[in-house]
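File shown: final-v3.cif (mmCIF, C-alpha atoms).
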```cif
data_start
loop_
_atom_site.label_atom_id
_atom_site.label_comp_id
_atom_site.auth_asym_id
_atom_site.auth_seq_id
_atom_site.Cartn_x
_atom_site.Cartn_y
_atom_site.Cartn_z
CA MET A 2 -138.73 68.87 -50.80
CA ASN A 3 -140.25 70.24 -47.61
CA ALA A 4 -140.21 74.00 -47.04
CA GLY A 5 -136.88 74.99 -45.53
CA GLU A 6 -135.25 71.61 -46.19
CA PRO A 7 -131.58 72.23 -47.13
CA VAL A 8 -130.32 70.96 -50.48
CA LEU A 9 -126.64 70.81 -51.43
CA VAL A 10 -126.19 71.43 -55.17
CA VAL A 11 -122.77 70.79 -56.74
CA TYR A 12 -121.66 71.49 -60.32
CA PRO A 13 -118.59 69.36 -61.12
CA ASN A 14 -116.93 69.64 -64.52
CA GLY A 15 -114.67 67.46 -66.61
CA ILE A 16 -111.23 68.39 -67.92
CA GLY A 17 -111.57 70.99 -70.68
CA ALA A 18 -115.28 71.18 -69.78
CA GLU A 19 -115.77 67.68 -71.21
CA TRP A 20 -116.41 64.37 -69.50
CA ASN A 21 -114.78 61.07 -70.39
CA ASP A 22 -118.19 59.48 -70.80
CA GLY A 23 -117.01 56.33 -72.59
CA ARG A 24 -117.59 57.27 -76.22
CA GLY A 25 -113.86 57.44 -76.92
CA GLN A 26 -114.28 60.88 -78.51
CA THR A 27 -115.11 64.39 -77.35
CA PHE A 28 -116.45 67.47 -79.11
CA THR A 29 -113.05 69.19 -78.96
CA ARG A 30 -109.53 67.94 -78.32
CA ASP A 31 -109.44 69.59 -74.89
CA GLY A 32 -111.09 66.69 -73.08
CA ASP A 33 -108.80 64.09 -71.50
CA LEU A 34 -109.92 60.62 -72.62
CA THR A 35 -107.59 59.02 -70.07
CA ALA A 36 -109.26 60.86 -67.18
CA ASP A 37 -110.86 58.62 -64.55
CA ASP A 38 -114.03 60.68 -64.31
CA VAL A 39 -115.94 57.86 -62.64
CA GLY A 40 -113.24 57.81 -59.97
CA PHE A 41 -113.44 61.60 -59.72
CA LEU A 42 -117.21 61.54 -59.15
CA SER A 43 -116.85 58.73 -56.63
CA ALA A 44 -114.22 60.67 -54.68
CA LEU A 45 -116.34 63.83 -54.88
CA ILE A 46 -119.32 62.00 -53.41
CA ASP A 47 -117.14 60.74 -50.56
CA HIS A 48 -115.83 64.27 -49.94
CA LEU A 49 -119.30 65.79 -49.89
CA ILE A 50 -120.51 63.19 -47.40
CA GLU A 51 -117.50 63.53 -45.09
CA TYR A 52 -116.92 67.28 -45.19
CA GLU A 53 -120.07 68.99 -46.49
CA GLY A 54 -122.83 67.14 -44.72
CA ALA A 55 -124.31 65.40 -47.76
CA ASN A 56 -126.74 62.59 -46.95
CA PRO A 57 -125.18 59.34 -48.25
CA GLN A 58 -128.67 57.93 -48.86
CA ARG A 59 -129.69 60.88 -51.07
CA ILE A 60 -127.01 61.41 -53.73
CA TYR A 61 -128.50 62.24 -57.15
CA LEU A 62 -126.88 62.85 -60.53
CA THR A 63 -128.16 64.74 -63.54
CA GLY A 64 -126.55 66.36 -66.56
CA ALA A 65 -127.21 67.41 -70.13
CA SER A 66 -125.68 66.11 -73.37
CA ASN A 67 -122.07 65.05 -72.57
CA GLY A 68 -123.09 65.41 -68.90
CA ALA A 69 -126.04 63.10 -69.50
CA MET A 70 -123.79 60.48 -71.08
CA MET A 71 -121.51 60.75 -68.05
CA THR A 72 -124.59 60.38 -65.84
CA HIS A 73 -125.46 57.12 -67.63
CA ARG A 74 -121.90 55.88 -67.15
CA ALA A 75 -121.84 56.83 -63.47
CA GLY A 76 -125.19 55.10 -62.99
CA CYS A 77 -123.76 51.92 -64.45
CA GLU A 78 -120.62 52.03 -62.30
CA LEU A 79 -121.56 53.91 -59.11
CA ALA A 80 -125.06 52.70 -58.33
CA HIS A 81 -123.84 51.66 -54.88
CA LYS A 82 -123.34 55.36 -54.06
CA ILE A 83 -126.24 56.98 -55.96
CA ALA A 84 -129.94 57.16 -55.11
CA ALA A 85 -131.20 58.10 -58.63
CA ILE A 86 -130.08 59.58 -61.96
CA ALA A 87 -131.69 61.84 -64.56
CA PRO A 88 -129.77 62.15 -67.85
CA VAL A 89 -131.13 64.88 -70.16
CA ILE A 90 -130.83 65.09 -73.98
CA ALA A 91 -128.59 62.08 -74.48
CA PRO A 92 -129.03 58.31 -74.65
CA MET A 93 -126.30 55.96 -73.42
CA PRO A 94 -122.88 55.83 -75.15
CA ALA A 95 -122.64 52.74 -77.35
CA ASN A 96 -119.35 51.67 -75.76
CA ILE A 97 -120.88 51.70 -72.28
CA ALA A 98 -124.13 49.84 -72.93
CA PRO A 99 -122.81 46.24 -73.26
CA GLY A 100 -121.05 46.39 -69.89
CA CYS A 101 -123.65 48.36 -67.94
CA ASP A 102 -124.17 46.26 -64.81
CA PRO A 103 -125.22 48.45 -61.88
CA ALA A 104 -124.65 47.02 -58.41
CA ARG A 105 -128.27 47.61 -57.42
CA PRO A 106 -131.57 48.66 -59.00
CA LEU A 107 -131.28 52.37 -59.75
CA PRO A 108 -134.16 54.81 -60.35
CA VAL A 109 -133.76 56.43 -63.77
CA LEU A 110 -135.56 59.35 -65.41
CA MET A 111 -134.35 60.17 -68.93
CA ILE A 112 -135.61 63.31 -70.72
CA LEU A 113 -134.78 64.01 -74.34
CA GLY A 114 -136.06 65.44 -77.62
CA GLU A 115 -137.07 63.20 -80.51
CA GLU A 116 -135.76 65.66 -83.12
CA ASP A 117 -132.39 66.40 -81.53
CA PRO A 118 -130.00 67.35 -84.37
CA TRP A 119 -126.85 66.80 -82.28
CA VAL A 120 -127.43 63.62 -80.25
CA PRO A 121 -129.70 61.25 -82.21
CA PHE A 122 -132.79 59.98 -80.39
CA ARG A 123 -132.74 56.89 -82.61
CA GLY A 124 -129.06 56.19 -82.02
CA GLY A 125 -125.98 56.66 -84.18
CA THR A 126 -123.28 59.29 -84.48
CA VAL A 127 -123.23 62.27 -82.11
CA GLU A 128 -122.65 65.34 -84.31
CA PRO A 129 -122.68 68.70 -82.53
CA LEU A 130 -122.23 71.39 -85.20
CA GLY A 131 -121.68 68.60 -87.72
CA ARG A 132 -118.56 67.31 -85.92
CA PRO A 133 -118.63 63.49 -85.38
CA SER A 134 -118.13 62.76 -81.68
CA GLY A 135 -118.71 59.08 -81.01
CA GLN A 136 -121.76 56.85 -80.95
CA VAL A 137 -124.87 56.41 -78.81
CA ILE A 138 -127.49 53.71 -78.78
CA SER A 139 -131.09 54.76 -79.28
CA ALA A 140 -133.33 56.14 -76.55
CA ASP A 141 -135.45 52.97 -76.66
CA GLN A 142 -132.36 50.76 -76.40
CA THR A 143 -131.09 52.88 -73.51
CA MET A 144 -134.33 52.46 -71.62
CA ALA A 145 -134.22 48.72 -72.35
CA VAL A 146 -130.79 48.56 -70.68
CA TRP A 147 -132.12 50.31 -67.58
CA ALA A 148 -135.38 48.34 -67.58
CA ASP A 149 -133.42 45.09 -67.69
CA ALA A 150 -131.11 46.25 -64.88
CA ASN A 151 -134.15 47.19 -62.79
CA GLY A 152 -136.06 43.98 -63.45
CA CYS A 153 -138.94 45.71 -65.25
CA ALA A 154 -141.51 44.28 -67.59
CA PRO A 155 -140.18 44.80 -71.13
CA ARG A 156 -142.84 47.20 -72.44
CA PRO A 157 -143.58 50.55 -70.80
CA GLY A 158 -146.96 52.13 -70.27
CA VAL A 159 -147.28 55.17 -72.54
CA ARG A 160 -149.31 58.35 -72.11
CA HIS A 161 -149.24 61.87 -73.52
CA ASP A 162 -149.68 65.06 -71.51
CA SER A 163 -151.97 66.46 -74.20
CA ARG A 164 -154.10 65.15 -77.05
CA ARG A 165 -152.27 67.15 -79.72
CA PRO A 166 -149.02 69.13 -80.12
CA ALA A 167 -148.75 72.62 -78.65
CA ARG A 168 -148.26 75.76 -80.76
CA ASP A 169 -144.48 75.22 -80.66
CA GLY A 170 -144.99 71.83 -82.33
CA THR A 171 -143.98 69.75 -79.32
CA ARG A 172 -145.85 67.20 -77.23
CA ILE A 173 -144.75 65.36 -74.11
CA ARG A 174 -144.82 61.56 -74.05
CA ARG A 175 -144.19 59.65 -70.83
CA GLU A 176 -143.07 56.02 -70.94
CA THR A 177 -143.18 54.35 -67.52
CA TYR A 178 -141.94 50.80 -67.06
CA GLN A 179 -143.96 48.42 -64.91
CA ARG A 180 -143.15 45.95 -62.12
CA CYS A 181 -139.67 47.46 -61.62
CA ALA A 182 -137.38 47.14 -58.61
CA ALA A 183 -136.63 50.85 -59.16
CA GLU A 184 -138.67 53.52 -60.95
CA THR A 185 -137.73 53.66 -64.64
CA VAL A 186 -139.18 56.44 -66.82
CA MET A 187 -138.50 58.21 -70.11
CA ILE A 188 -140.00 61.58 -70.99
CA ALA A 189 -139.75 62.10 -74.75
CA VAL A 190 -140.35 65.55 -76.19
CA GLU A 191 -141.97 64.89 -79.54
CA GLY A 192 -140.66 67.58 -81.89
CA GLY A 193 -138.10 68.70 -79.29
CA GLY A 194 -134.43 69.42 -79.93
CA HIS A 195 -131.14 69.54 -78.05
CA THR A 196 -132.25 71.80 -75.21
CA TRP A 197 -133.01 71.61 -71.49
CA PRO A 198 -136.82 71.75 -71.46
CA GLY A 199 -138.11 74.79 -69.63
CA SER A 200 -134.90 76.82 -69.89
CA ASP A 201 -134.45 80.03 -71.86
CA ARG A 202 -131.57 78.61 -73.89
CA GLY A 203 -132.61 77.52 -77.35
CA ALA A 204 -135.78 79.61 -77.26
CA GLY A 205 -134.86 82.07 -80.03
CA ARG A 206 -135.21 81.41 -83.74
CA ALA A 207 -131.46 81.46 -84.36
CA ALA A 208 -130.91 78.94 -81.56
CA GLN A 209 -133.71 76.75 -82.85
CA ARG A 210 -132.06 76.57 -86.26
CA LEU A 211 -128.96 75.28 -84.49
CA VAL A 212 -130.28 72.95 -81.79
CA GLY A 213 -133.97 72.44 -82.57
CA VAL A 214 -137.12 73.43 -80.72
CA ASN A 215 -137.10 74.09 -76.98
CA THR A 216 -140.48 72.92 -75.70
CA SER A 217 -142.68 75.18 -73.61
CA GLN A 218 -144.62 72.17 -72.33
CA LEU A 219 -142.19 70.83 -69.72
CA ASP A 220 -139.94 72.13 -66.95
CA ALA A 221 -137.16 69.53 -66.77
CA THR A 222 -135.75 70.89 -63.52
CA HIS A 223 -139.13 70.57 -61.80
CA GLU A 224 -139.65 67.07 -63.22
CA ILE A 225 -136.23 65.90 -62.09
CA TRP A 226 -136.59 67.16 -58.53
CA ALA A 227 -140.09 65.66 -58.29
CA PHE A 228 -138.53 62.35 -59.37
CA PHE A 229 -135.53 62.58 -57.04
CA SER A 230 -137.23 63.89 -53.92
CA ASP A 231 -138.62 60.60 -52.62
CA LYS A 232 -135.71 58.39 -53.65
CA ARG A 233 -133.36 56.88 -51.08
CA ARG A 234 -130.47 54.49 -51.55
#
```
Encoded form using structure tokens:
Amino acid sequence: MNAGEPVLVVYPNGIGAEWNDGRGQTFTRDGDLTADDVGFLSALIDHLIEYEGANPQRIYLTGASNGAMMTHRAGCELAHKIAAIAPVIAPMPANIAPGCDPARPLPVLMILGEEDPWVPFRGGTVEPLGRPSGQVISADQTMAVWADANGCAPRPGVRHDSRRPARDGTRIRRETYQRCAAETVMIAVEGGGHTWPGSDRGAGRAAQRLVGVNTSQLDATHEIWAFFSDKRR
């Protein structure tokens, strides 16, 4: 982003603070599993373009956990309106993956922790606070879905930000797919938990016992904007 360049940031929310992300379950019973949240996001994008001055070529989506799963779903179904997505701490819902057929190649950056105790990096049952809440495919399978949609070579290039883990036990691994029609990247936090990297949440010992380690080696917000900033639809 250039100095002084305006950015419109919007924080939509699902019914009962939960998105109908396609799992068929939510963490609580407050979420409405009949809600057309894809339609809601589509209408919101239209509203922001028509009334708030949003650039239709530069619409980006990100979210964490349930919001990340909704970001995956929106990427699958609204690629014709979105320039790039960045789901954080959640792979793709298992119910969504077989039908994910974006209308165009879509840049994807996924960031998540390998030791997430709530949303399993290796796929399986989502269990926040031990409460089963639907299924996700693994992080590797999720990236394979996006790599296939973007016409990438099947195996990513892999590099680490450091030779060994930091004092907090985490290390950043970047997996970048090659020969893609749209940039396709996963940042895996080795040893990381169910936290937004670089935030204060999850930093204390009590929080770490609940959600795992919050890495000090990555600022997810910075990474996401660096990824988004040169993307155009």
Option closest in space to Phe229 (chain A), from A:Arg174, A:Arg24, A:Arg59, A:His73 [counting only C-alpha atoms]: A:Arg59
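The spacing separating CA of Pro99 (chain A) from CA of His81 (chain A) amounts to 19.2 Å.
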Close residues, Trp197 (chain A) itself excluded, 9 Å, all atoms listed in the file, min 3 positions apart in chain, as a ChimeraX atom specification: /A:65,89-90,112-113,194,200-203,215-216,220-222
Please write the residues from the selection above to a file, keeping C-alpha atoms, as a PDB file, in the frame of the given file.
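And here is the file that came out, selection33.pdb:
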```
ATOM      1  CA  ALA A  65    -127.210  67.410 -70.130  1.00  0.00           C
ATOM      2  CA  VAL A  89    -131.130  64.880 -70.160  1.00  0.00           C
ATOM      3  CA  ILE A  90    -130.830  65.090 -73.980  1.00  0.00           C
ATOM      4  CA  ILE A 112    -135.610  63.310 -70.720  1.00  0.00           C
ATOM      5  CA  LEU A 113    -134.780  64.010 -74.340  1.00  0.00           C
ATOM      6  CA  GLY A 194    -134.430  69.420 -79.930  1.00  0.00           C
ATOM      7  CA  SER A 200    -134.900  76.820 -69.890  1.00  0.00           C
ATOM      8  CA  ASP A 201    -134.450  80.030 -71.860  1.00  0.00           C
ATOM      9  CA  ARG A 202    -131.570  78.610 -73.890  1.00  0.00           C
ATOM     10  CA  GLY A 203    -132.610  77.520 -77.350  1.00  0.00           C
ATOM     11  CA  ASN A 215    -137.100  74.090 -76.980  1.00  0.00           C
ATOM     12  CA  THR A 216    -140.480  72.920 -75.700  1.00  0.00           C
ATOM     13  CA  ASP A 220    -139.940  72.130 -66.950  1.00  0.00           C
ATOM     14  CA  ALA A 221    -137.160  69.530 -66.770  1.00  0.00           C
ATOM     15  CA  THR A 222    -135.750  70.890 -63.520  1.00  0.00           C
TER      16      THR A 222
END
```
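Coordinates place CA of Ile86 (chain A) at a distance of 6.8 Å from CA of Thr72 (chain A).
The nearest approach to Leu49 (chain A) among the residues A:Ile16, A:Ala154, A:Leu34, A:Val11, with only C-alpha atoms taken into account, belongs to A:Val11.
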